[in-house]
$ cat structure32.txt   # compact mmCIF, C-alpha atoms
# COMPACT_ATOMS: atom_id res chain seq x y z
CA MET A 1 175.90 -17.92 14.35
CA HIS A 2 176.08 -18.06 10.54
CA PHE A 3 172.92 -15.91 10.40
CA VAL A 4 174.63 -13.12 12.38
CA ILE A 5 177.74 -13.36 10.19
CA GLY A 6 175.56 -13.23 7.07
CA ILE A 7 173.76 -10.08 8.25
CA ILE A 8 177.14 -8.47 8.99
CA GLY A 9 178.38 -9.54 5.55
CA LEU A 10 175.29 -8.02 3.93
CA GLY A 11 176.00 -4.76 5.74
CA ILE A 12 179.65 -4.82 4.62
CA VAL A 13 178.73 -5.34 0.95
CA LEU A 14 176.19 -2.51 0.99
CA ALA A 15 178.61 -0.26 2.92
CA LEU A 16 181.39 -0.89 0.38
CA SER A 17 178.97 -0.06 -2.43
CA PHE A 18 178.03 3.16 -0.63
CA LEU A 19 181.73 3.97 -0.08
CA ILE A 20 182.58 3.82 -3.82
CA SER A 21 179.35 5.54 -4.89
CA SER A 22 179.83 8.33 -7.42
CA ASP A 23 177.00 10.46 -5.95
CA ARG A 24 175.55 9.33 -2.61
CA LYS A 25 172.94 12.12 -2.58
CA LYS A 26 171.19 10.66 -5.63
CA ILE A 27 170.79 7.15 -4.20
CA ARG A 28 167.12 6.11 -4.12
CA TYR A 29 166.70 3.76 -1.17
CA SER A 30 163.09 2.65 -1.68
CA PRO A 31 163.69 0.59 -4.89
CA ILE A 32 166.85 -0.89 -3.35
CA LEU A 33 164.93 -2.09 -0.29
CA ILE A 34 162.15 -3.55 -2.49
CA MET A 35 164.71 -5.44 -4.60
CA LEU A 36 166.48 -6.79 -1.52
CA VAL A 37 163.16 -8.13 -0.22
CA LEU A 38 162.49 -9.66 -3.65
CA GLN A 39 165.90 -11.34 -3.60
CA PHE A 40 165.16 -12.99 -0.25
CA LEU A 41 161.65 -13.95 -1.33
CA LEU A 42 162.64 -15.43 -4.71
CA GLY A 43 165.71 -17.10 -3.23
CA PHE A 44 163.59 -18.70 -0.52
CA ILE A 45 161.06 -19.94 -3.09
CA LEU A 46 163.75 -21.46 -5.30
CA LEU A 47 165.82 -23.04 -2.52
CA ARG A 48 163.35 -23.92 0.24
CA THR A 49 159.88 -24.57 -1.19
CA THR A 50 158.19 -27.35 -3.15
CA VAL A 51 157.11 -24.80 -5.76
CA GLY A 52 160.73 -23.72 -6.21
CA THR A 53 161.89 -27.31 -6.45
CA THR A 54 159.27 -27.94 -9.12
CA ILE A 55 160.29 -24.83 -11.09
CA VAL A 56 163.98 -25.70 -10.88
CA GLY A 57 163.25 -29.32 -11.77
CA GLY A 58 161.26 -28.22 -14.81
CA LEU A 59 163.95 -25.84 -16.04
CA ALA A 60 166.68 -28.40 -15.37
CA GLY A 61 164.65 -30.93 -17.33
CA VAL A 62 164.46 -28.56 -20.28
CA PHE A 63 168.22 -28.07 -20.26
CA ASP A 64 168.82 -31.81 -19.81
CA ALA A 65 166.71 -32.42 -22.91
CA LEU A 66 168.56 -29.72 -24.85
CA LEU A 67 171.91 -31.18 -23.77
CA SER A 68 170.81 -34.65 -24.87
CA PHE A 69 169.80 -33.26 -28.28
CA ALA A 70 173.14 -31.46 -28.46
CA GLY A 71 174.82 -34.78 -27.59
CA SER A 72 173.37 -36.32 -30.75
CA GLY A 73 175.17 -33.75 -32.89
CA VAL A 74 178.39 -34.04 -30.88
CA ASP A 75 178.35 -37.86 -31.11
CA PHE A 76 177.78 -37.71 -34.85
CA VAL A 77 180.85 -35.52 -35.39
CA PHE A 78 183.15 -36.71 -32.60
CA GLY A 79 181.85 -40.24 -31.98
CA GLY A 80 184.67 -42.65 -31.21
CA ILE A 81 187.17 -39.97 -30.18
CA ALA A 82 186.40 -40.22 -26.45
CA ASN A 83 187.06 -43.39 -24.50
CA LYS A 84 183.93 -45.24 -23.40
CA GLY A 85 182.75 -44.03 -20.00
CA SER A 86 184.93 -40.91 -20.06
CA PHE A 87 183.64 -37.33 -19.83
CA PRO A 88 185.71 -35.07 -22.12
CA PHE A 89 185.10 -31.48 -21.01
CA PHE A 90 185.27 -30.01 -24.51
CA LEU A 91 182.79 -32.49 -25.99
CA ASN A 92 180.33 -32.82 -23.11
CA VAL A 93 180.36 -29.33 -21.61
CA LEU A 94 181.46 -26.87 -24.28
CA MET A 95 180.19 -28.32 -27.55
CA PRO A 96 176.49 -28.16 -26.49
CA ILE A 97 176.90 -24.36 -26.54
CA VAL A 98 176.66 -24.62 -30.35
CA PHE A 99 173.16 -26.09 -30.17
CA ILE A 100 171.93 -23.76 -27.41
CA SER A 101 173.15 -20.80 -29.46
CA ALA A 102 171.13 -22.07 -32.43
CA ILE A 103 167.98 -22.29 -30.25
CA ILE A 104 168.52 -18.70 -29.06
CA GLY A 105 168.90 -17.59 -32.68
CA ILE A 106 165.62 -19.27 -33.66
CA LEU A 107 163.76 -17.69 -30.73
CA ARG A 108 165.09 -14.28 -31.72
CA TYR A 109 164.24 -14.82 -35.39
CA ILE A 110 160.59 -15.62 -34.67
CA LYS A 111 160.42 -12.54 -32.37
CA ILE A 112 159.60 -14.45 -29.19
CA LEU A 113 162.85 -13.59 -27.41
CA PRO A 114 162.88 -9.82 -28.19
CA LEU A 115 159.25 -9.56 -27.07
CA PHE A 116 160.06 -11.38 -23.83
CA MET A 117 163.13 -9.23 -23.10
CA LYS A 118 161.31 -5.97 -23.79
CA GLY A 119 158.30 -7.01 -21.71
CA VAL A 120 160.34 -8.11 -18.71
CA GLY A 121 162.59 -5.05 -19.07
CA LEU A 122 159.61 -2.70 -18.93
CA ALA A 123 158.18 -4.55 -15.91
CA LEU A 124 161.53 -4.45 -14.08
CA SER A 125 161.83 -0.69 -14.63
CA LYS A 126 158.70 -0.26 -12.48
CA ILE A 127 160.43 -2.12 -9.64
CA ASN A 128 164.08 -1.07 -9.77
CA GLY A 129 163.57 2.67 -10.29
CA MET A 130 166.04 2.60 -13.19
CA GLY A 131 165.56 3.34 -16.88
CA LYS A 132 163.72 1.05 -19.28
CA LEU A 133 166.89 0.53 -21.32
CA GLU A 134 168.88 -0.41 -18.20
CA SER A 135 166.15 -2.83 -17.18
CA TYR A 136 166.04 -4.35 -20.66
CA ASN A 137 169.83 -4.61 -20.58
CA GLY A 138 169.71 -6.61 -17.33
CA ILE A 139 167.42 -9.34 -18.65
CA ALA A 140 168.95 -9.26 -22.16
CA SER A 141 172.46 -9.73 -20.71
CA ALA A 142 171.29 -12.87 -18.89
CA ILE A 143 170.06 -14.28 -22.20
CA LEU A 144 172.43 -12.97 -24.86
CA GLY A 145 175.65 -12.50 -22.89
CA GLN A 146 177.76 -9.57 -21.70
CA SER A 147 179.18 -8.65 -25.10
CA GLU A 148 176.34 -9.68 -27.43
CA VAL A 149 173.77 -7.61 -25.51
CA PHE A 150 175.36 -4.34 -26.66
CA ILE A 151 174.87 -5.32 -30.29
CA SER A 152 171.11 -5.19 -29.67
CA ILE A 153 171.38 -1.55 -28.54
CA LYS A 154 173.99 -0.47 -31.08
CA LYS A 155 171.89 2.43 -32.39
CA GLU A 156 171.33 3.77 -28.87
CA LEU A 157 175.03 3.72 -27.87
CA PRO A 158 176.01 7.15 -29.26
CA THR A 159 173.34 8.88 -27.13
CA LEU A 160 174.06 7.05 -23.87
CA SER A 161 175.78 8.93 -21.05
CA GLU A 162 178.89 7.68 -19.28
CA GLN A 163 176.84 6.86 -16.19
CA ARG A 164 174.25 4.81 -18.07
CA LEU A 165 176.98 2.85 -19.87
CA THR A 166 178.67 2.11 -16.54
CA SER A 167 175.45 0.83 -14.95
CA MET A 168 174.68 -1.31 -17.96
CA SER A 169 178.20 -2.75 -17.94
CA ILE A 170 177.87 -3.62 -14.23
CA SER A 171 174.60 -5.40 -14.96
CA ALA A 172 176.09 -7.24 -17.96
CA MET A 173 179.15 -8.46 -16.04
CA SER A 174 176.97 -9.62 -13.13
CA THR A 175 175.05 -12.09 -15.28
CA VAL A 176 175.90 -15.04 -17.54
CA SER A 177 174.83 -16.02 -21.04
CA MET A 178 171.90 -18.41 -21.41
CA SER A 179 173.88 -20.25 -24.10
CA ILE A 180 176.30 -21.59 -21.49
CA VAL A 181 173.88 -22.15 -18.59
CA GLY A 182 173.54 -25.79 -19.65
CA SER A 183 177.32 -26.14 -19.43
CA TYR A 184 177.24 -24.77 -15.88
CA MET A 185 174.55 -27.30 -14.98
CA ALA A 186 176.87 -30.09 -16.08
CA LEU A 187 179.33 -28.93 -13.38
CA ILE A 188 177.20 -27.71 -10.47
CA GLN A 189 173.64 -28.34 -9.31
CA PRO A 190 170.97 -26.72 -11.56
CA ARG A 191 169.10 -25.17 -8.62
CA TYR A 192 172.16 -23.13 -7.68
CA VAL A 193 172.61 -21.95 -11.27
CA ILE A 194 168.97 -20.84 -11.55
CA THR A 195 169.03 -19.20 -8.10
CA ALA A 196 172.18 -17.29 -9.03
CA LEU A 197 170.60 -16.07 -12.29
CA VAL A 198 167.63 -14.60 -10.40
CA LEU A 199 169.62 -13.14 -7.51
CA ASN A 200 172.29 -11.65 -9.79
CA LEU A 201 169.68 -9.95 -11.96
CA PHE A 202 168.31 -7.95 -9.02
CA GLY A 203 171.74 -7.72 -7.37
CA GLY A 204 173.14 -6.00 -10.46
CA PHE A 205 170.40 -3.36 -10.24
CA ILE A 206 170.92 -2.92 -6.48
CA ILE A 207 174.69 -2.41 -6.63
CA ALA A 208 174.49 -0.22 -9.75
CA SER A 209 171.83 1.94 -8.05
CA ILE A 210 174.17 2.53 -5.10
CA VAL A 211 177.53 2.75 -6.89
CA ASN A 212 176.35 4.76 -9.88
CA PRO A 213 173.09 6.66 -9.17
CA TYR A 214 171.77 9.26 -11.62
CA GLN A 215 168.62 10.97 -12.84
CA LEU A 216 167.31 10.13 -16.31
CA GLU A 217 166.40 12.88 -18.76
CA ASN A 218 165.31 10.59 -21.58
CA ASP A 219 163.95 7.12 -20.93
CA GLU A 220 162.96 5.71 -24.30
CA LEU A 221 163.24 2.01 -25.04
CA VAL A 222 163.95 1.58 -28.75
CA ILE A 223 165.78 -1.65 -29.52
CA GLU A 224 167.43 -2.23 -32.87
CA GLU A 225 165.96 -5.11 -34.83
CA ASP A 226 168.26 -7.83 -36.16
CA LYS A 227 169.45 -7.36 -39.73
CA GLU A 228 167.30 -8.88 -42.45
CA GLN A 229 168.35 -12.49 -43.07
CA THR A 230 166.78 -15.67 -44.30
CA PHE A 231 166.12 -18.32 -41.68
CA PHE A 232 169.09 -20.46 -42.71
CA GLN A 233 171.45 -17.48 -42.92
CA MET A 234 170.52 -16.61 -39.34
CA LEU A 235 170.81 -20.24 -38.20
CA GLY A 236 174.26 -20.64 -39.71
CA GLU A 237 175.41 -17.40 -38.10
CA TYR A 238 174.24 -18.43 -34.63
CA ILE A 239 175.69 -21.94 -34.96
CA LEU A 240 179.08 -20.48 -35.90
CA ASP A 241 178.78 -17.93 -33.07
CA GLY A 242 178.14 -20.77 -30.64
CA PHE A 243 181.12 -22.71 -31.95
CA HIS A 244 183.28 -19.60 -31.65
CA VAL A 245 182.21 -19.17 -28.00
CA ALA A 246 182.93 -22.85 -27.24
CA VAL A 247 186.39 -22.72 -28.83
CA THR A 248 187.17 -19.39 -27.16
CA VAL A 249 186.23 -20.78 -23.73
CA ALA A 250 188.28 -23.91 -24.44
CA ALA A 251 191.33 -21.82 -25.40
CA MET A 252 191.00 -19.67 -22.28
CA LEU A 253 190.64 -22.75 -20.08
CA ILE A 254 193.74 -24.37 -21.58
CA GLY A 255 195.75 -21.20 -21.05
CA PHE A 256 194.46 -20.36 -17.56
CA VAL A 257 194.60 -23.91 -16.16
CA ALA A 258 198.12 -24.39 -17.52
CA LEU A 259 199.25 -21.04 -16.10
CA ILE A 260 197.76 -21.84 -12.69
CA ALA A 261 199.52 -25.22 -12.70
CA MET A 262 202.84 -23.51 -13.50
CA ILE A 263 202.33 -20.73 -10.93
CA ASN A 264 201.26 -23.28 -8.29
CA PHE A 265 204.43 -25.27 -8.97
CA ILE A 266 206.66 -22.17 -8.67
CA PHE A 267 204.99 -20.97 -5.46
CA ALA A 268 205.09 -24.47 -3.94
CA LYS A 269 208.84 -24.70 -4.59
CA ILE A 270 209.50 -21.27 -3.08
CA THR A 271 207.00 -21.03 -0.22
CA GLY A 272 205.73 -24.57 0.30
CA LEU A 273 202.22 -23.34 -0.53
CA THR A 274 200.56 -23.21 -3.94
CA PHE A 275 199.37 -19.90 -5.38
CA GLN A 276 195.75 -21.01 -4.94
CA GLU A 277 196.37 -21.89 -1.29
CA ILE A 278 197.84 -18.42 -0.71
CA LEU A 279 194.85 -16.83 -2.44
CA GLY A 280 192.64 -18.98 -0.24
CA TYR A 281 194.11 -17.40 2.89
CA VAL A 282 193.75 -13.90 1.38
CA PHE A 283 190.10 -14.49 0.42
CA ALA A 284 189.18 -16.50 3.52
CA PRO A 285 187.75 -13.45 5.40
CA LEU A 286 185.60 -12.64 2.35
CA ALA A 287 184.36 -16.23 2.21
CA PHE A 288 183.68 -16.07 5.96
CA ILE A 289 181.37 -13.02 5.71
CA THR A 290 179.18 -14.92 3.22
CA GLY A 291 178.34 -17.29 6.10
CA ILE A 292 180.85 -20.04 5.30
CA PRO A 293 182.36 -21.59 8.50
CA TRP A 294 185.98 -20.58 9.12
CA LYS A 295 187.18 -24.18 8.85
CA GLU A 296 185.99 -24.18 5.21
CA ALA A 297 186.74 -20.53 4.44
CA VAL A 298 190.30 -21.01 3.16
CA ASP A 299 189.32 -23.63 0.58
CA ALA A 300 186.22 -21.65 -0.37
CA GLY A 301 188.29 -18.47 -0.66
CA SER A 302 190.65 -20.29 -3.00
CA LEU A 303 187.80 -21.11 -5.38
CA MET A 304 186.41 -17.56 -5.17
CA ALA A 305 189.82 -16.09 -5.96
CA THR A 306 190.35 -18.56 -8.80
CA LYS A 307 187.10 -17.38 -10.37
CA LEU A 308 188.10 -13.72 -10.05
CA VAL A 309 191.60 -14.04 -11.51
CA THR A 310 190.71 -16.60 -14.22
CA ASN A 311 187.03 -17.29 -14.97
CA GLU A 312 184.01 -19.11 -13.60
CA PHE A 313 184.58 -22.26 -15.67
CA VAL A 314 188.01 -22.86 -14.14
CA ALA A 315 186.60 -22.49 -10.60
CA MET A 316 183.51 -24.62 -11.37
CA THR A 317 185.72 -27.36 -12.78
CA GLU A 318 187.76 -27.31 -9.58
CA LEU A 319 184.58 -27.49 -7.47
CA ALA A 320 183.15 -30.30 -9.61
CA LYS A 321 186.19 -32.51 -8.97
CA GLY A 322 184.58 -33.42 -5.66
CA SER A 323 187.82 -33.37 -3.70
CA TRP A 324 186.55 -30.65 -1.35
CA ASP A 325 185.13 -31.46 2.08
CA PHE A 326 182.38 -28.83 1.94
CA SER A 327 179.02 -28.93 3.71
CA ALA A 328 175.87 -28.68 1.57
CA ARG A 329 175.39 -25.08 2.69
CA THR A 330 178.95 -24.06 1.80
CA THR A 331 178.60 -25.77 -1.59
CA ALA A 332 175.42 -23.76 -2.23
CA ILE A 333 177.08 -20.46 -1.30
CA ILE A 334 180.16 -21.10 -3.45
CA SER A 335 178.11 -22.37 -6.40
CA VAL A 336 175.92 -19.26 -6.46
CA PHE A 337 179.00 -17.04 -6.14
CA LEU A 338 180.66 -18.66 -9.16
CA VAL A 339 177.74 -18.11 -11.56
CA SER A 340 178.69 -14.73 -13.05
CA PHE A 341 181.13 -13.16 -15.51
CA ALA A 342 182.81 -11.04 -12.80
CA ASN A 343 186.52 -11.59 -13.51
CA PHE A 344 189.42 -9.57 -14.88
CA SER A 345 189.14 -10.93 -18.43
CA SER A 346 185.56 -9.64 -18.64
CA ILE A 347 186.84 -6.05 -18.53
CA GLY A 348 188.57 -6.66 -21.85
CA ILE A 349 185.59 -8.57 -23.25
CA ILE A 350 183.04 -5.82 -22.52
CA SER A 351 185.25 -2.87 -23.50
CA GLY A 352 186.44 -4.73 -26.61
CA ALA A 353 182.87 -5.50 -27.69
CA MET A 354 181.89 -1.89 -27.07
CA LYS A 355 184.87 -0.54 -29.02
CA GLY A 356 183.89 -2.70 -31.96
CA LEU A 357 180.54 -0.89 -32.00
CA ASN A 358 181.58 2.59 -30.85
CA GLU A 359 185.21 3.53 -30.16
CA GLU A 360 184.38 6.44 -27.85
CA LYS A 361 181.97 4.45 -25.68
CA GLY A 362 184.39 1.52 -25.55
CA ASN A 363 187.08 3.80 -24.12
CA LEU A 364 184.64 5.09 -21.48
CA VAL A 365 183.87 1.53 -20.37
CA ALA A 366 187.59 0.67 -20.23
CA LYS A 367 188.17 3.79 -18.13
CA HIS A 368 185.79 2.47 -15.48
CA GLY A 369 186.83 -1.18 -15.91
CA LEU A 370 188.06 -1.80 -12.36
CA LYS A 371 185.05 -0.09 -10.80
CA ILE A 372 182.73 -2.20 -12.97
CA LEU A 373 184.57 -5.38 -11.93
CA LEU A 374 184.47 -4.42 -8.23
CA SER A 375 180.75 -3.68 -8.48
CA ALA A 376 180.00 -6.96 -10.29
CA SER A 377 182.05 -8.83 -7.67
CA LEU A 378 179.97 -7.18 -4.94
CA VAL A 379 176.88 -8.51 -6.75
CA SER A 380 178.33 -12.04 -6.54
CA PHE A 381 179.03 -11.62 -2.82
CA LEU A 382 175.53 -10.21 -2.25
CA SER A 383 173.95 -13.24 -3.96
CA ALA A 384 176.20 -15.64 -2.03
CA ILE A 385 175.36 -13.98 1.32
CA ILE A 386 171.61 -14.13 0.64
CA THR A 387 171.97 -17.79 -0.32
CA GLY A 388 173.77 -18.45 2.96
CA LEU A 389 171.04 -16.71 4.96
CA ILE A 390 168.27 -18.65 3.23
CA PHE A 391 169.82 -22.14 2.90
$ encode --input "structure32.txt" --output "structure tokens"
Amino acid sequence: MHFVIGIIGLGIVLALSFLISSDRKKIRYSPILIMLVLQFLLGFILLRTTVGTTIVGGLAGVFDALLSFAGSGVDFVFGGIANKGSFPFFLNVLMPIVFISAIIGILRYIKILPLFMKGVGLALSKINGMGKLESYNGIASAILGQSEVFISIKKELPTLSEQRLTSMSISAMSTVSMSIVGSYMALIQPRYVITALVLNLFGGFIIASIVNPYQLENDELVIEEDKEQTFFQMLGEYILDGFHVAVTVAAMLIGFVALIAMINFIFAKITGLTFQEILGYVFAPLAFITGIPWKEAVDAGSLMATKLVTNEFVAMTELAKGSWDFSARTTAIISVFLVSFANFSSIGIISGAMKGLNEEKGNLVAKHGLKILLSASLVSFLSAIITGLIF
């Protein structure tokens, strides 16, 4: 039964994308079909095969090692603050971002990361039927983050059309930053994080190709090089950037979790139901079309809604509490859904980052903010539905 529901859900997501398309006549269906097949194939390999388990295990091992190295630095600075046996979220989940950011900076400095992003971007452009810059943007967003990626194409921004900026913003919001992937893995199973990264990459191209199709006149891929710095100047900059991200996420979590607690209290006093429970009922049909059984759809819908109105960390923290009576399949679907930046605050993050680089382009992104968010949310649902069909 869940297979039939999943197929219907897949049709609904694609139909909604088609409904909000800016130019249906320009949609190229062949690349979309190829990418859908690739999503199923790669998802199946990662979730259902020994090879996939080995790949995921290897990547998870790398991040475990990185997190343990990061723990050495955290213990040196904050040792003794946490009670023995406790798991302070800020120290154990957010502070490792500082170290991961430093590693990303080193890989960029020695030119390995730019070479990888350009190479994969060029290869993807042969598959997705989109521009080389859009393809680069998809893989670069998954590594650098939804705001930082636009810094790497700062020189190209003035020449980019409104349509190209919109597609690139959809792709950026559909992914997550590699610097915080390790933090996600501390909250949900690594195989779901890695599966979501792969599915969202192609999903972003699929939805953008339907929602915002266009013909390219100029398809050059010229990426701005990082400014000239010494190694230790670069390292210090990336370490501080990582700390800034960790503190920013911590501040947002404090604010959002506190607000949700207050709103839940008010709604419970007035209606007898918390705000999250009400959202759960509203989002239950959406959770159901991903293949989640109806008996679990309300709770699942609550987590999905929490992610949309706050951010993925808040929802992941709720899921990680372990107080939910979810099946393994439902947990997989929800976990994959949560791994993306598709939430309301991301509209401000992307448009704000763009405005800092180019005021005019930032205003164009803000103009299409809700459409970008809706498209990125459809990417999350697409990935969740495919996970449900495969699992």
$ residues_around --input "structure32.txt" --residues "Ala287 in chain A" --least-positions-apart "4" --cutoff "9 Å" --atoms "only C-alpha atoms" --output "ChimeraX atom specification"
/A:283,291-294,296-298,300-301,304,334,381
$ closest_residue --input "structure32.txt" --among "A:Ile143, A:Leu201, A:Val282, A:Met117" --to "Ile104 in chain A" --atoms "all atoms listed in the file"
A:Ile143
$ closest_residue --input "structure32.txt" --among "A:Gly71, A:Pro88, A:Gly204, A:Gly138" --to "Leu378 in chain A" --atoms "all atoms listed in the file"
A:Gly204
$ atom_distance --input "structure32.txt" --atom1 "CA of Pro31 in chain A" --atom2 "CA of Ala384 in chain A"
20.7 Å
$ residues_around --input "structure32.txt" --residues "range 127-134 of chain A" --least-positions-apart "3" --cutoff "9 Å" --atoms "all atoms listed in the file" --output "ChimeraX atom specification"
/A:28,30-32,34-35,118,121-124,137-138,153,164-165,167-168,171,202,205-206,209,214-216,218-223
$ closest_residue --input "structure32.txt" --among "A:Phe326, A:Thr195, A:Tyr238, A:Thr331" --to "Phe44 in chain A" --atoms "only C-alpha atoms"
A:Thr195
$ atom_distance --input "structure32.txt" --atom1 "CA of Leu374 in chain A" --atom2 "CA of Ile170 in chain A"
9.0 Å
$ atom_distance --input "structure32.txt" --atom1 "CA of Ile390 in chain A" --atom2 "CA of Leu47 in chain A"
7.6 Å
$ closest_residue --input "structure32.txt" --among "A:Val198, A:Met234, A:Ile12, A:Ala208" --to "Arg108 in chain A" --atoms "all atoms listed in the file"
A:Met234
$ closest_residue --input "structure32.txt" --among "A:Val98, A:Ala315, A:Met252, A:Val176" --to "Ala376 in chain A" --atoms "only C-alpha atoms"
A:Val176
$ closest_atom_pairs --input "structure32.txt" --of "range 299-377 of chain A" --to "range 253-274 of chain A" --cutoff "12 Å" --atoms "all atoms listed in the file" --output "CSV"
residue,atom,partner,partner_atom,distance
A:Ser302,CA,A:Thr274,CA,10.4
A:Ala305,CA,A:Ile260,CA,11.9
A:Thr306,CA,A:Ile260,CA,9.0
A:Lys307,CA,A:Phe256,CA,10.7
A:Leu308,CA,A:Phe256,CA,11.9
A:Val309,CA,A:Phe256,CA,9.2
A:Thr310,CA,A:Phe256,CA,6.3
A:Asn311,CA,A:Leu253,CA,8.3
A:Glu312,CA,A:Leu253,CA,10.0
A:Phe313,CA,A:Leu253,CA,7.5
A:Val314,CA,A:Leu253,CA,6.5
A:Ala315,CA,A:Val257,CA,9.8
A:Met316,CA,A:Leu253,CA,11.4
A:Thr317,CA,A:Leu253,CA,9.9
A:Glu318,CA,A:Val257,CA,10.1
A:Ser345,CA,A:Phe256,CA,10.9
$ closest_residue --input "structure32.txt" --among "A:Ser17, A:Thr159, A:Ser179, A:Gln146" --to "Phe63 in chain A" --atoms "all atoms listed in the file"
A:Ser179
$ residues_around --input "structure32.txt" --residues "Ser351 in chain A" --least-positions-apart "3" --cutoff "10 Å" --atoms "only C-alpha atoms" --output "list in words"
Ser147, Ser169, Ser346, Ile347, Gly348, Met354, Lys355, Gly356, Leu357, Asn358, Glu359, Lys361, Gly362, Asn363, Leu364, Val365, Ala366, Lys367, His368 and Gly369 of chain A
$ residues_around --input "structure32.txt" --residues "range 50-60 of chain A" --least-positions-apart "6" --cutoff "10 Å" --atoms "only C-alpha atoms" --output "PDB file with C-alpha atoms, in the frame of the given file"
ATOM      1  CA  LEU A  42     162.640 -15.430  -4.710  1.00  0.00           C
ATOM      2  CA  GLY A  43     165.710 -17.100  -3.230  1.00  0.00           C
ATOM      3  CA  PHE A  44     163.590 -18.700  -0.520  1.00  0.00           C
ATOM      4  CA  LEU A  66     168.560 -29.720 -24.850  1.00  0.00           C
ATOM      5  CA  GLY A 182     173.540 -25.790 -19.650  1.00  0.00           C
ATOM      6  CA  MET A 185     174.550 -27.300 -14.980  1.00  0.00           C
ATOM      7  CA  GLN A 189     173.640 -28.340  -9.310  1.00  0.00           C
ATOM      8  CA  PRO A 190     170.970 -26.720 -11.560  1.00  0.00           C
ATOM      9  CA  ARG A 191     169.100 -25.170  -8.620  1.00  0.00           C
ATOM     10  CA  TYR A 192     172.160 -23.130  -7.680  1.00  0.00           C
ATOM     11  CA  VAL A 193     172.610 -21.950 -11.270  1.00  0.00           C
ATOM     12  CA  ILE A 194     168.970 -20.840 -11.550  1.00  0.00           C
ATOM     13  CA  THR A 195     169.030 -19.200  -8.100  1.00  0.00           C
TER      14      THR A 195
END
$ decode --input "structure32.txt" --residues "range 213-217 of chain A" --atoms "all heavy atoms" --output "compact mmCIF listing (two decimals), in the first residue's frame"
# COMPACT_ATOMS: atom_id res chain seq x y z
N PRO A 213 12.32 26.88 -15.89
CA PRO A 213 13.09 26.48 -17.10
C PRO A 213 13.48 27.69 -17.95
O PRO A 213 12.76 28.69 -17.98
CB PRO A 213 12.09 25.59 -17.84
CG PRO A 213 10.75 26.15 -17.46
CD PRO A 213 10.88 26.63 -16.04
N TYR A 214 14.62 27.60 -18.61
CA TYR A 214 15.07 28.69 -19.48
C TYR A 214 16.16 28.18 -20.41
O TYR A 214 16.77 27.14 -20.17
CB TYR A 214 15.60 29.88 -18.67
CG TYR A 214 16.63 29.49 -17.63
CD1 TYR A 214 17.98 29.43 -17.93
CD2 TYR A 214 16.24 29.19 -16.32
CE1 TYR A 214 18.92 29.07 -16.98
CE2 TYR A 214 17.17 28.84 -15.36
CZ TYR A 214 18.51 28.78 -15.70
OH TYR A 214 19.43 28.41 -14.75
N GLN A 215 16.40 28.95 -21.47
CA GLN A 215 17.46 28.62 -22.42
C GLN A 215 18.67 29.50 -22.13
O GLN A 215 18.53 30.70 -21.92
CB GLN A 215 16.99 28.86 -23.86
CG GLN A 215 15.85 27.95 -24.30
CD GLN A 215 16.26 26.49 -24.40
OE1 GLN A 215 17.40 26.18 -24.71
NE2 GLN A 215 15.32 25.59 -24.13
N LEU A 216 19.85 28.90 -22.13
CA LEU A 216 21.08 29.64 -21.85
C LEU A 216 21.66 30.25 -23.12
O LEU A 216 21.70 29.60 -24.17
CB LEU A 216 22.12 28.72 -21.22
CG LEU A 216 21.97 28.43 -19.72
CD1 LEU A 216 23.03 27.41 -19.30
CD2 LEU A 216 22.11 29.69 -18.90
N GLU A 217 22.09 31.51 -23.02
CA GLU A 217 22.77 32.15 -24.13
C GLU A 217 24.28 32.08 -23.95
O GLU A 217 25.04 31.98 -24.91
CB GLU A 217 22.32 33.61 -24.25
CG GLU A 217 20.84 33.76 -24.60
CD GLU A 217 20.43 35.22 -24.68
OE1 GLU A 217 21.30 36.10 -24.49
OE2 GLU A 217 19.24 35.48 -24.93
